[in-house]
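Asks: For reference, this is structure17.cif, and it has mmCIF, C-alpha atoms.
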```
data_model
loop_
_atom_site.label_atom_id
_atom_site.label_comp_id
_atom_site.auth_asym_id
_atom_site.auth_seq_id
_atom_site.Cartn_x
_atom_site.Cartn_y
_atom_site.Cartn_z
CA MET A 982 12.88 84.91 108.21
CA SER A 983 15.49 86.11 105.72
CA ALA A 984 14.63 87.64 102.37
CA THR A 985 16.18 84.60 100.69
CA ASP A 986 13.93 82.24 102.67
CA GLN A 987 10.89 84.28 101.73
CA VAL A 988 11.68 83.98 98.02
CA VAL A 989 12.00 80.18 98.25
CA ILE A 990 8.93 79.73 100.44
CA GLU A 991 6.85 81.80 98.04
CA ARG A 992 7.71 79.32 95.26
CA ILE A 993 7.00 76.32 97.49
CA ASN A 994 3.63 77.82 98.37
CA ARG A 995 2.86 78.07 94.66
CA LEU A 996 3.34 74.32 94.47
CA HIS A 997 0.89 73.89 97.35
CA GLU A 998 -1.67 76.01 95.50
CA ARG A 999 -1.38 73.76 92.47
CA TYR A 1000 -1.64 70.70 94.70
CA GLN A 1001 -4.80 72.07 96.32
CA ALA A 1002 -6.29 72.67 92.88
CA PHE A 1003 -5.69 68.99 92.13
CA VAL A 1004 -7.09 67.44 95.31
CA THR A 1005 -10.21 69.65 95.22
CA ALA A 1006 -10.99 69.05 91.53
CA PRO A 1007 -14.10 66.79 91.47
CA ALA A 1008 -12.92 64.36 88.78
CA ALA A 1009 -9.12 64.42 89.29
CA ARG A 1010 -7.50 61.35 90.82
CA VAL A 1011 -4.01 61.21 89.25
CA ALA A 1012 -1.70 64.25 89.19
CA LEU A 1013 0.94 64.46 86.48
CA TRP A 1014 3.42 67.10 87.62
CA GLN A 1015 5.14 68.47 84.51
CA LEU A 1016 8.30 70.03 85.88
CA ALA A 1017 11.16 71.89 84.30
CA ALA A 1018 14.44 70.32 85.39
CA ASP A 1019 15.28 73.39 87.46
CA GLU A 1020 12.01 73.06 89.41
CA TYR A 1021 12.73 69.63 90.84
CA GLY A 1022 14.71 70.87 93.84
CA LEU A 1023 11.80 73.06 94.93
CA PHE A 1024 9.33 70.25 94.31
CA ARG A 1025 11.39 67.90 96.46
CA ALA A 1026 11.52 70.54 99.22
CA TYR A 1027 7.72 70.89 99.00
CA VAL A 1028 7.18 67.13 99.28
CA ASP A 1029 9.62 66.95 102.21
CA ARG A 1030 7.69 69.72 103.96
CA GLU A 1031 4.31 68.08 103.40
CA THR A 1032 5.53 64.70 104.67
CA SER A 1033 6.82 66.30 107.87
CA LEU A 1034 5.13 67.88 110.89
CA ALA A 1035 5.48 71.25 109.11
CA GLY A 1036 3.05 70.19 106.40
CA GLN A 1037 0.26 72.67 105.73
CA GLY A 1038 -2.38 70.29 104.38
CA SER A 1039 -4.74 67.83 106.04
CA ASP A 1040 -3.83 65.05 103.61
CA LEU A 1041 -1.41 62.19 104.28
CA LEU A 1042 1.27 62.26 101.59
CA LEU A 1043 3.18 58.99 101.24
CA LYS A 1044 6.30 58.48 99.11
CA PHE A 1045 6.75 55.16 97.31
CA ALA A 1046 10.19 54.19 95.98
CA THR A 1047 9.32 50.78 94.54
CA PRO A 1048 11.00 50.10 91.15
CA PHE A 1049 8.63 49.56 88.21
CA ARG A 1050 9.91 46.37 86.63
CA ARG A 1051 6.74 44.53 85.62
CA GLN A 1052 3.31 46.00 85.03
CA ASP A 1053 1.54 42.99 86.57
CA ALA A 1054 3.66 43.06 89.73
CA TYR A 1055 3.82 46.79 90.53
CA ALA A 1056 0.62 47.00 92.60
CA SER A 1057 1.57 44.15 94.93
CA ALA A 1058 5.10 45.55 95.28
CA LEU A 1059 3.67 48.94 96.29
CA VAL A 1060 1.45 47.31 98.91
CA GLU A 1061 4.47 45.41 100.22
CA GLU A 1062 6.37 48.70 100.55
CA LEU A 1063 3.47 50.25 102.45
CA ALA A 1064 3.34 47.22 104.76
CA ARG A 1065 7.10 47.43 105.41
CA ASN A 1066 6.85 51.12 106.26
CA ILE A 1067 3.94 50.48 108.64
CA PHE A 1068 5.89 47.69 110.33
CA THR A 1069 8.91 49.98 110.75
CA TYR A 1070 6.71 52.78 112.11
CA ASN A 1071 5.07 50.47 114.64
CA ASP A 1072 8.43 49.07 115.71
CA ASP A 1073 9.87 52.58 116.19
CA HIS A 1074 6.84 53.76 118.20
CA ALA A 1075 6.10 50.63 120.26
CA GLN A 1076 7.70 52.17 123.37
CA TYR A 1077 5.10 54.94 123.23
CA GLY A 1078 2.17 52.56 122.93
CA ILE A 1079 1.43 53.73 119.37
CA GLU A 1080 0.46 51.21 116.72
CA LEU A 1081 -1.15 51.57 113.31
CA ALA A 1082 -3.77 48.86 112.92
CA TRP A 1083 -3.78 48.51 109.12
CA ARG A 1084 -2.53 45.29 107.58
CA PRO A 1085 -2.69 44.33 103.89
CA ALA A 1086 -5.73 42.24 102.99
CA GLY A 1087 -5.94 39.75 100.17
CA ALA A 1088 -3.74 39.85 97.10
CA GLY A 1089 -3.86 41.44 93.68
CA ASP A 1090 -1.86 42.48 90.65
CA THR A 1091 -3.87 45.46 89.35
CA PRO A 1092 -3.82 49.16 90.20
CA ARG A 1093 -7.27 48.71 91.76
CA TYR A 1094 -5.77 46.42 94.43
CA PHE A 1095 -3.23 49.09 95.43
CA VAL A 1096 -5.88 51.82 95.48
CA GLN A 1097 -8.18 49.67 97.64
CA GLN A 1098 -5.36 49.09 100.14
CA LEU A 1099 -4.66 52.83 100.32
CA ALA A 1100 -8.34 53.51 100.96
CA ALA A 1101 -8.45 50.87 103.70
CA PHE A 1102 -5.33 52.34 105.27
CA GLY A 1103 -6.96 55.78 105.28
CA ARG A 1104 -10.09 54.40 106.97
CA SER A 1105 -7.91 52.92 109.72
CA LEU A 1106 -6.66 56.41 110.67
CA PRO A 1107 -9.32 58.17 112.74
CA ASP A 1108 -7.27 61.38 112.94
CA LEU A 1109 -7.19 61.72 109.16
CA GLY A 1110 -10.73 63.10 109.12
CA ASP A 1111 -11.57 64.51 105.70
CA GLY A 1112 -7.97 64.30 104.56
CA LYS A 1113 -6.90 62.13 101.65
CA VAL A 1114 -4.24 59.45 101.31
CA VAL A 1115 -1.96 60.64 98.49
CA ALA A 1116 0.59 58.23 97.01
CA TYR A 1117 3.57 59.93 95.36
CA LEU A 1118 5.01 57.27 93.06
CA MET A 1119 8.73 57.87 92.52
CA PRO A 1120 10.19 54.62 91.15
CA PRO A 1121 14.01 54.81 91.07
CA GLU A 1122 14.06 52.31 88.21
CA VAL A 1123 11.54 51.98 85.36
CA GLY A 1124 11.80 49.09 82.93
CA ASN A 1125 9.34 50.60 80.44
CA TRP A 1126 7.88 54.10 80.79
CA GLY A 1127 5.09 53.34 78.34
CA ARG A 1128 3.94 50.44 80.52
CA LEU A 1129 4.02 52.69 83.58
CA ALA A 1130 1.80 55.18 81.73
CA GLU A 1131 -0.59 52.32 80.92
CA TRP A 1132 -0.62 51.29 84.57
CA LEU A 1133 -1.50 54.84 85.64
CA LEU A 1134 -4.23 55.09 83.02
CA GLU A 1135 -5.67 51.80 84.24
CA ALA A 1136 -5.62 53.23 87.75
CA ALA A 1137 -7.35 56.42 86.56
CA ALA A 1138 -10.07 54.39 84.86
CA GLY A 1139 -10.61 52.16 87.88
CA ASP A 1140 -12.95 54.26 90.01
CA ILE A 1141 -10.41 55.62 92.52
CA PRO A 1142 -12.24 56.60 95.74
CA GLU A 1143 -12.60 60.25 96.71
CA THR A 1144 -10.28 59.57 99.66
CA VAL A 1145 -7.31 58.49 97.51
CA ARG A 1146 -5.04 60.31 95.06
CA LEU A 1147 -1.96 59.30 93.06
CA MET A 1148 0.74 61.59 91.71
CA VAL A 1149 3.84 61.26 89.55
CA ILE A 1150 6.33 63.66 87.99
CA ASP A 1151 7.69 64.09 84.49
CA PHE A 1152 10.18 66.56 83.02
CA LYS A 1153 9.34 68.97 80.22
CA GLU A 1154 12.81 68.78 78.67
CA ASP A 1155 12.70 65.00 78.23
CA PRO A 1156 9.16 63.70 78.88
CA VAL A 1157 8.74 59.97 79.42
CA LEU A 1158 5.10 59.90 80.51
CA ASP A 1159 3.77 61.83 77.50
CA ARG A 1160 1.40 58.94 76.77
CA LEU A 1161 -0.32 59.66 80.09
CA ALA A 1162 -0.73 63.34 79.22
CA ALA A 1163 -1.79 62.65 75.65
CA ALA A 1164 -4.63 60.36 76.76
CA GLN A 1165 -6.48 63.42 78.16
CA HIS A 1166 -8.27 61.19 80.66
CA PRO A 1167 -10.65 63.22 82.87
CA ALA A 1168 -9.18 61.65 86.02
CA VAL A 1169 -5.62 62.67 85.06
CA MET A 1170 -4.75 66.30 85.86
CA PRO A 1171 -1.53 67.78 84.42
CA LEU A 1172 0.08 70.30 86.78
CA ASP A 1173 2.54 72.89 85.46
CA PRO A 1174 3.80 74.99 88.40
CA ARG A 1175 5.73 77.56 86.31
CA LEU A 1176 8.03 78.55 89.16
CA ASP A 1177 10.44 80.71 87.13
CA VAL A 1178 13.51 79.40 88.94
CA PRO A 1179 15.98 81.66 87.04
CA GLY A 1180 13.94 84.65 88.21
CA MET A 1181 13.93 83.27 91.74
CA MET A 1182 17.71 82.90 91.72
CA LYS A 1183 18.14 86.49 90.58
CA GLU A 1184 15.97 87.60 93.51
CA ILE A 1185 18.08 85.49 95.87
CA SER A 1186 21.30 86.90 94.43
CA ARG A 1187 20.05 90.44 95.01
CA ALA A 1188 19.01 89.53 98.55
CA ALA A 1189 22.44 87.99 99.22
CA GLY A 1190 24.31 91.06 98.05
CA GLY A 1191 24.90 90.23 94.42
CA ASP A 1192 27.85 87.82 94.65
CA LYS A 1193 28.85 86.37 91.30
CA PRO A 1194 27.00 83.10 90.58
CA GLY A 1195 30.22 81.11 90.15
CA ALA A 1196 31.47 82.08 93.60
CA VAL A 1197 28.11 81.31 95.21
CA PHE A 1198 27.95 77.92 93.49
CA GLN A 1199 31.49 77.10 94.54
CA ARG A 1200 30.71 77.85 98.20
CA HIS A 1201 27.63 75.64 98.20
CA PHE A 1202 29.39 72.84 96.33
CA ILE A 1203 32.29 72.82 98.78
CA ASP A 1204 29.78 72.59 101.64
CA LEU A 1205 27.96 69.83 99.75
CA ALA A 1206 31.14 67.82 99.22
CA LYS A 1207 32.08 68.15 102.88
CA ALA A 1208 28.63 67.09 104.05
CA ALA A 1209 28.69 64.14 101.62
CA ALA A 1210 32.08 62.99 102.91
CA GLU A 1211 30.72 63.10 106.47
CA ARG A 1212 27.38 61.53 105.43
CA ARG A 1213 25.31 64.38 106.88
CA MET A 1214 22.45 63.79 104.48
CA ALA A 1215 20.22 66.63 105.68
CA ASP A 1216 23.06 69.06 104.93
CA VAL A 1217 23.76 67.26 101.65
CA ASP A 1218 20.19 67.95 100.53
CA LYS A 1219 20.34 71.56 101.72
CA HIS A 1220 23.58 72.46 99.93
CA ALA A 1221 22.66 70.41 96.85
CA ASN A 1222 19.45 72.39 96.43
CA LEU A 1223 21.29 75.69 96.82
CA ALA A 1224 24.02 74.69 94.37
CA LEU A 1225 21.44 73.35 91.90
CA GLY A 1226 19.55 76.61 92.06
CA ILE A 1227 22.61 78.51 90.86
CA ALA A 1228 23.54 75.93 88.23
CA VAL A 1229 20.01 75.90 86.84
CA ALA A 1230 19.67 79.68 86.80
CA GLU A 1231 22.91 79.93 84.83
CA ASP A 1232 22.04 76.92 82.63
CA TRP A 1233 25.18 75.08 83.74
CA LYS A 1234 24.01 71.58 82.89
CA HIS A 1235 27.39 69.98 83.53
CA LEU A 1236 27.37 71.33 87.09
CA GLN A 1237 23.78 70.21 87.63
CA VAL A 1238 24.91 66.72 86.68
CA THR A 1239 27.90 66.98 89.02
CA VAL A 1240 25.67 67.94 91.95
CA HIS A 1241 23.24 65.04 91.36
CA ASN A 1242 26.12 62.59 91.02
CA THR A 1243 27.70 63.88 94.23
CA VAL A 1244 24.44 63.40 96.12
CA GLY A 1245 23.96 59.98 94.54
CA THR A 1246 27.45 58.91 95.57
CA ALA A 1247 26.76 60.03 99.15
CA TRP A 1248 23.60 57.91 99.24
CA MET A 1249 25.46 54.95 97.71
CA ASN A 1250 28.30 55.20 100.23
CA GLY A 1251 25.66 55.15 102.96
CA GLY A 1252 24.07 52.00 101.56
CA LYS A 1253 20.89 53.76 100.36
CA LEU A 1254 20.95 52.42 96.83
CA ASP A 1255 17.42 53.32 95.72
CA GLN A 1256 18.02 56.94 96.70
CA ALA A 1257 21.39 56.84 94.94
CA LEU A 1258 19.84 55.51 91.75
CA ALA A 1259 17.16 58.19 91.85
CA GLU A 1260 19.88 60.88 91.88
CA PHE A 1261 21.93 59.19 89.15
CA GLU A 1262 18.85 58.95 86.94
CA LYS A 1263 18.16 62.67 87.41
CA ALA A 1264 21.77 63.33 86.45
CA GLU A 1265 21.36 61.11 83.39
CA ARG A 1266 18.31 63.05 82.16
CA ILE A 1267 20.15 66.36 82.31
CA ALA A 1268 23.34 64.88 80.86
CA ARG A 1269 21.41 63.41 77.92
CA ILE A 1270 19.88 66.80 77.15
CA ALA A 1271 23.36 68.36 77.10
CA TRP A 1272 24.66 65.48 74.97
CA LYS A 1273 21.86 65.88 72.42
CA LEU A 1274 22.69 69.59 72.28
CA LYS A 1275 26.37 68.66 71.73
CA GLU A 1276 27.57 70.85 74.59
CA ASP A 1277 31.28 70.79 75.46
CA GLY A 1278 32.19 67.85 77.69
CA ALA A 1279 28.70 66.37 77.48
CA THR A 1280 29.88 62.99 76.15
CA ALA A 1281 32.22 62.34 79.08
CA ASN A 1282 29.67 63.72 81.53
CA LEU A 1283 26.94 61.36 80.35
CA ALA A 1284 29.28 58.38 80.28
CA ASN A 1285 30.48 59.06 83.84
CA THR A 1286 26.90 59.36 85.03
CA LEU A 1287 26.02 55.99 83.52
CA PHE A 1288 29.10 54.44 85.14
CA PHE A 1289 27.85 55.74 88.51
CA GLN A 1290 24.43 54.26 87.81
CA GLY A 1291 25.90 50.92 86.80
CA ALA A 1292 28.03 50.81 89.97
CA ALA A 1293 24.97 51.34 92.16
CA LEU A 1294 23.05 48.62 90.34
CA SER A 1295 26.00 46.24 90.65
CA THR A 1296 26.31 46.97 94.36
CA ASP A 1297 22.61 46.17 94.71
CA LYS A 1298 23.20 42.92 92.77
CA ARG A 1299 20.86 43.98 89.97
CA HIS A 1300 23.33 42.56 87.50
CA GLU A 1301 21.05 42.19 84.48
CA ARG A 1302 19.99 45.82 84.70
CA ALA A 1303 23.60 46.88 85.38
CA ALA A 1304 24.67 45.16 82.16
CA GLU A 1305 22.04 47.15 80.23
CA VAL A 1306 23.25 50.43 81.71
CA TYR A 1307 26.93 49.72 81.08
CA HIS A 1308 26.14 48.65 77.51
CA SER A 1309 24.16 51.89 76.97
CA ILE A 1310 27.45 53.79 77.41
CA VAL A 1311 28.82 52.31 74.18
CA PRO A 1312 26.78 54.34 71.64
CA VAL A 1313 27.47 57.50 73.64
CA ILE A 1314 31.26 57.29 73.38
CA GLU A 1315 32.20 54.85 70.60
CA ASP A 1316 32.77 57.62 68.03
CA ASP A 1317 34.88 59.76 70.37
CA LYS A 1318 38.58 58.97 69.98
CA ASN A 1319 39.26 60.56 73.37
CA GLN A 1320 37.02 58.02 75.12
CA ARG A 1321 38.75 54.75 74.11
CA TYR A 1322 39.73 53.94 77.69
CA SER A 1323 36.14 54.48 78.85
CA LEU A 1324 34.91 52.36 75.93
CA LEU A 1325 37.11 49.52 77.16
CA GLU A 1326 35.62 49.94 80.64
CA ALA A 1327 32.05 50.02 79.31
CA TRP A 1328 32.53 46.70 77.52
CA ARG A 1329 34.46 45.18 80.44
CA MET A 1330 31.77 46.09 82.96
CA THR A 1331 29.08 44.90 80.56
CA GLY A 1332 30.88 41.56 80.44
CA GLN A 1333 31.32 41.39 84.21
CA SER A 1334 27.64 42.17 84.81
CA ARG A 1335 26.51 39.63 82.21
CA GLU A 1336 28.71 37.02 83.83
CA LEU A 1337 27.23 37.72 87.26
CA ALA A 1338 23.73 37.69 85.75
CA GLY A 1339 24.41 34.19 84.40
CA THR A 1340 24.49 35.03 80.67
CA LYS A 1341 27.99 33.65 80.19
CA SER A 1342 28.07 33.49 76.37
CA GLU A 1343 27.11 37.17 76.17
CA ALA A 1344 29.77 37.90 78.78
CA VAL A 1345 32.36 36.27 76.50
CA GLU A 1346 31.29 38.47 73.59
CA ALA A 1347 31.55 41.64 75.67
CA ASN A 1348 35.00 40.73 76.98
CA LEU A 1349 36.28 39.87 73.50
CA THR A 1350 35.16 43.30 72.35
CA ALA A 1351 36.90 44.86 75.35
CA LEU A 1352 40.07 42.93 74.44
CA ARG A 1353 40.07 44.28 70.88
CA ILE A 1354 39.62 47.84 72.15
CA GLY A 1355 42.31 47.43 74.80
CA GLU A 1356 44.82 46.07 72.29
CA GLY A 1357 44.35 49.23 70.24
CA LEU A 1358 45.05 51.64 73.10
CA ASP A 1359 48.16 53.77 73.21
CA GLU A 1360 50.89 51.75 74.97
CA LYS A 1361 51.11 54.07 78.00
CA LEU A 1362 47.35 54.12 78.39
CA ARG A 1363 47.10 50.36 77.97
CA GLU A 1364 49.77 49.84 80.62
CA SER A 1365 47.52 51.44 83.25
CA SER A 1366 44.31 49.88 81.93
CA THR A 1367 42.12 47.11 83.31
CA LEU A 1368 42.83 44.86 80.33
CA PRO A 1369 44.32 42.13 82.58
CA TYR A 1370 40.89 41.81 84.19
CA VAL A 1371 39.49 41.16 80.72
CA GLY A 1372 42.09 38.43 80.12
CA ALA A 1373 41.25 36.77 83.44
CA ALA A 1374 37.53 36.92 82.66
CA LEU A 1375 38.01 35.31 79.23
CA ILE A 1376 39.96 32.43 80.76
CA ARG A 1377 37.36 32.08 83.51
CA LEU A 1378 34.63 31.94 80.82
CA SER A 1379 36.48 29.70 78.38
CA ALA A 1380 33.86 26.93 78.63
CA TYR A 1381 31.33 29.29 77.05
CA ASN A 1382 33.40 30.68 74.18
CA GLN A 1383 32.10 28.25 71.50
CA GLY A 1384 35.61 27.46 70.31
CA ARG A 1385 36.56 31.07 69.57
CA TYR A 1386 39.80 30.90 71.57
CA ARG A 1387 41.87 28.70 73.85
CA ASP A 1388 43.09 29.61 77.31
CA HIS A 1389 46.76 29.50 76.30
CA GLU A 1390 46.07 32.00 73.50
CA ILE A 1391 44.63 34.54 75.96
CA ASP A 1392 47.44 33.87 78.42
CA GLY A 1393 50.01 34.34 75.66
CA ARG A 1394 48.50 37.64 74.51
CA MET A 1395 48.35 38.99 78.07
CA THR A 1396 51.95 37.94 78.60
CA GLU A 1397 52.98 39.80 75.44
CA LEU A 1398 51.25 42.94 76.63
CA PHE A 1399 51.94 42.89 80.38
CA GLY A 1400 54.64 40.30 81.03
CA PRO A 1401 54.50 36.84 82.62
CA ARG A 1402 53.11 38.15 85.93
CA TRP A 1403 50.05 39.73 84.32
CA ARG A 1404 47.68 37.65 86.46
CA GLU A 1405 48.78 39.52 89.57
CA ARG A 1406 47.08 42.61 88.18
CA SER A 1407 43.75 40.78 87.96
CA ARG A 1408 43.97 38.77 91.15
CA SER A 1409 41.15 40.70 92.83
CA ASN A 1410 38.82 39.86 89.96
CA SER A 1411 39.69 36.22 89.35
#
```
In structure tokens, write the structure found in this file.
Replies:
Amino acid sequence: MSATDQVVIERINRLHERYQAFVTAPAARVALWQLAADEYGLFRAYVDRETSLAGQGSDLLLKFATPFRRQDAYASALVEELARNIFTYNDDHAQYGIELAWRPAGAGDTPRYFVQQLAAFGRSLPDLGDGKVVAYLMPPEVGNWGRLAEWLLEAAAGDIPETVRLMVIDFKEDPVLDRLAAAQHPAVMPLDPRLDVPGMMKEISRAAGGDKPGAVFQRHFIDLAKAAAERRMADVDKHANLALGIAVAEDWKHLQVTVHNTVGTAWMNGGKLDQALAEFEKAERIARIAWKLKEDGATANLANTLFFQGAALSTDKRHERAAEVYHSIVPVIEDDKNQRYSLLEAWRMTGQSRELAGTKSEAVEANLTALRIGEGLDEKLRESSTLPYVGAALIRLSAYNQGRYRDHEIDGRMTELFGPRWRERSRSNS
């Protein structure tokens, strides 16, 4: 084992020590991991280890990637995810004569129902022995973080069996589950690993011969980009974690965002949209911190991250949510004169998503705003813009415009700006 590996494994083992403190605490049932942004890569590596054959504990750690959209539907959606995973496992192992016997029983819409199903699943596993079933809830999309905190507090108050544990993560720099921590419920145990990632990266740099951080990051990012292009996701994760370690140690937030967006794009290109959204949301958190601090380039970085997120949601046909994300770009960039083209795109994509979501009148409003912005662009910039798509959308939506314009008026304006063959530019979107 290399000196570099030893440094990383020592930090991962610290996480395991904190985890053991949680599962052995008599009253604790819900773990709230309070991570610094630079600790997430190590935490993810720890979870990956413990969900593999290399895991050191006797517990069964299960990851749940169900979106949290409605408080009264989350429990049943989690049980459905568990059932799907069991079905897939049984299908993959049928040739070996292996089958997990658990099936969901009954129905419910409370945290207690989910906890009961986890307990029943654990009882169906004779090899689990004294181990616990631990559900790591990692929703890639959360409609309301306060409601999720309420759901977790309801779970904590609901007499969770000794054989079951729940855990979630939050970030110190931008906490969204602070209501869960503030409740100080005896069944909720905050966990602060304090991994000192900058110190770790200095140790790694010394072990690697002291190369300059920029050069080390560049090497790992090139390897990451190559692995992403070839969809070698194990290598994507490996090089992303190494590149993130450098970027975090040097406090290069813009590069942290770039890494997460690169990983997210790789997942999206491979059709794994929930994983893609999880990466884009991590990128958004870091980008928002940089934006609030008014760091150079932070406005464009945050806007680009939200465009990535919106694209993934649109691909997954979550058009209503996509419209919300695209519209959230507007207050980020509307006061930046250098972002007028992106502002046009934010309104255009908001309109497109609203149209696909069925809210046609709101789609008209968004496209009219996009038209006004596009008309004000510099001529050269407007010439290469997507404004013809806006014109086509407005004509397509003319029945919902409440008399605000006529088709021939939009056609005439587009002809003035782009010539009589303007529709050819928007053919793919009409």
Asks: Suppose a student applies the PyMOL selection byres ((chain A and resi 1257) around 8) to this structure; what residues should they get, written as a PDB file with C-alpha atoms, keeping the file's coordinate frame?
Replies:
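Below is the file that was written, part.pdb:
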```pdb
ATOM      1  CA  VAL A1244      24.440  63.400  96.120  1.00  0.00           C
ATOM      2  CA  GLY A1245      23.960  59.980  94.540  1.00  0.00           C
ATOM      3  CA  THR A1246      27.450  58.910  95.570  1.00  0.00           C
ATOM      4  CA  ALA A1247      26.760  60.030  99.150  1.00  0.00           C
ATOM      5  CA  TRP A1248      23.600  57.910  99.240  1.00  0.00           C
ATOM      6  CA  MET A1249      25.460  54.950  97.710  1.00  0.00           C
ATOM      7  CA  LYS A1253      20.890  53.760 100.360  1.00  0.00           C
ATOM      8  CA  LEU A1254      20.950  52.420  96.830  1.00  0.00           C
ATOM      9  CA  ASP A1255      17.420  53.320  95.720  1.00  0.00           C
ATOM     10  CA  GLN A1256      18.020  56.940  96.700  1.00  0.00           C
ATOM     11  CA  LEU A1258      19.840  55.510  91.750  1.00  0.00           C
ATOM     12  CA  ALA A1259      17.160  58.190  91.850  1.00  0.00           C
ATOM     13  CA  GLU A1260      19.880  60.880  91.880  1.00  0.00           C
ATOM     14  CA  PHE A1261      21.930  59.190  89.150  1.00  0.00           C
ATOM     15  CA  ALA A1293      24.970  51.340  92.160  1.00  0.00           C
TER      16      ALA A1293
END
```
Asks: Report the closest atom pair, with its distance in Å rounded to one decimal, for each residue of stretch 1149-1231 of chain A that has an atom no farther than 12 Å from stretch 1270-1286 of chain A; count all atoms listed in the file, sort by chain and then rising residue number, and write it as a Markdown table.
Replies:
```
| residue | atom | partner | partner_atom | distance |
| --- | --- | --- | --- | --- |
| A:Phe1152 | CA | A:Ile1270 | CA | 11.3 |
| A:Lys1153 | CA | A:Ile1270 | CA | 11.2 |
| A:Glu1154 | CA | A:Ile1270 | CA | 7.5 |
| A:Asp1155 | CA | A:Ile1270 | CA | 7.5 |
| A:Pro1156 | CA | A:Ile1270 | CA | 11.3 |
```
Asks: Can you work out the spacing between atom CA of A:Leu1106 and atom CA of A:Glu1031 in Å, to one decimal?
Replies: 17.6 Å
Asks: Apply the PyMOL selection byres ((chain A and resi 1026) around 12) to the structure shown and report the selected residues as a PyMOL selection string.
Replies: chain A and resi 989-990+992-994+996-997+1020-1025+1027-1033+1035-1036+1215+1218-1219+1221-1223
Asks: Within 9 Å of (0.9, 62.5, 84.8), all atoms listed in the file: residues as a PyMOL selection string?
Replies: chain A and resi 1011-1015+1130+1133+1148-1151+1158-1162+1169-1172
Asks: Need to verify the contact set: A:Gly1393, 12 Å, only C-alpha atoms, exclusion of same-chain residues closer than 6 positions in sequence. Can you return it as a list in words?
Replies: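 The filter keeps Pro1369, Gly1372, Ala1373, Ile1376, Tyr1386, Arg1387, Phe1399, Gly1400, Pro1401, Arg1402, Trp1403 and Arg1404 of chain A.
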Asks: At a cut-off of 12 Å, using all atoms listed in the file, what residues contact A:Arg1104? Leave out same-chain residues fewer than 4 positions from it and give the result as a ChimeraX atom specification.
Replies: /A:1041,1081-1084,1097-1100,1108-1114,1142,1144-1145
Asks: For A:Gly1384, list every protein, DNA or RNA residue within 12 Å, evaluated using only C-alpha atoms, and leave out those in the same chain fewer than 5 positions away; present the list as a list in words.
Replies: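 Listed by chain and then number, they are Ser1342, Val1345, Leu1378, Ser1379 and Glu1390 of chain A.
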Asks: Grab the residues selected above and save them as a short mmCIF file (atom, residue, chain, number, x, y, z; two decimals), in the frame of the given file with C-alpha atoms.
Replies:
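File selection.cif, as written:
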```cif
data_model
loop_
_atom_site.label_atom_id
_atom_site.label_comp_id
_atom_site.auth_asym_id
_atom_site.auth_seq_id
_atom_site.Cartn_x
_atom_site.Cartn_y
_atom_site.Cartn_z
CA SER A 1342 28.07 33.49 76.37
CA VAL A 1345 32.36 36.27 76.50
CA LEU A 1378 34.63 31.94 80.82
CA SER A 1379 36.48 29.70 78.38
CA GLU A 1390 46.07 32.00 73.50
#
```
Asks: Atom CA of A:Val1371 and atom CA of A:Asn1348, how far apart in Å?
Replies: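 Distance between the two atoms: 5.9 Å.
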Asks: So, counting all atoms listed in the file, which residue among A:Arg1266, A:Arg1394, A:His1235, A:Arg1335 is closest to A:Ser1295?
Replies: A:Arg1335
Asks: Could you tell me which residues the PyMOL selection byres ((chain A and resi 1044) around 7) returns for this structure, as a list in words?
Replies: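 Checking the PyMOL selection byres ((chain A and resi 1044) around 7) against this file, the residues are Leu1042, Leu1043, Phe1045, Ala1046, Ala1116, Tyr1117 and Leu1118 of chain A.
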Asks: So how far away is atom CA of A:Gly1251 from atom CA of A:Arg1269, in Å?
Replies: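 Atom CA of A:Gly1251 lies at a distance of 26.7 Å from atom CA of A:Arg1269.
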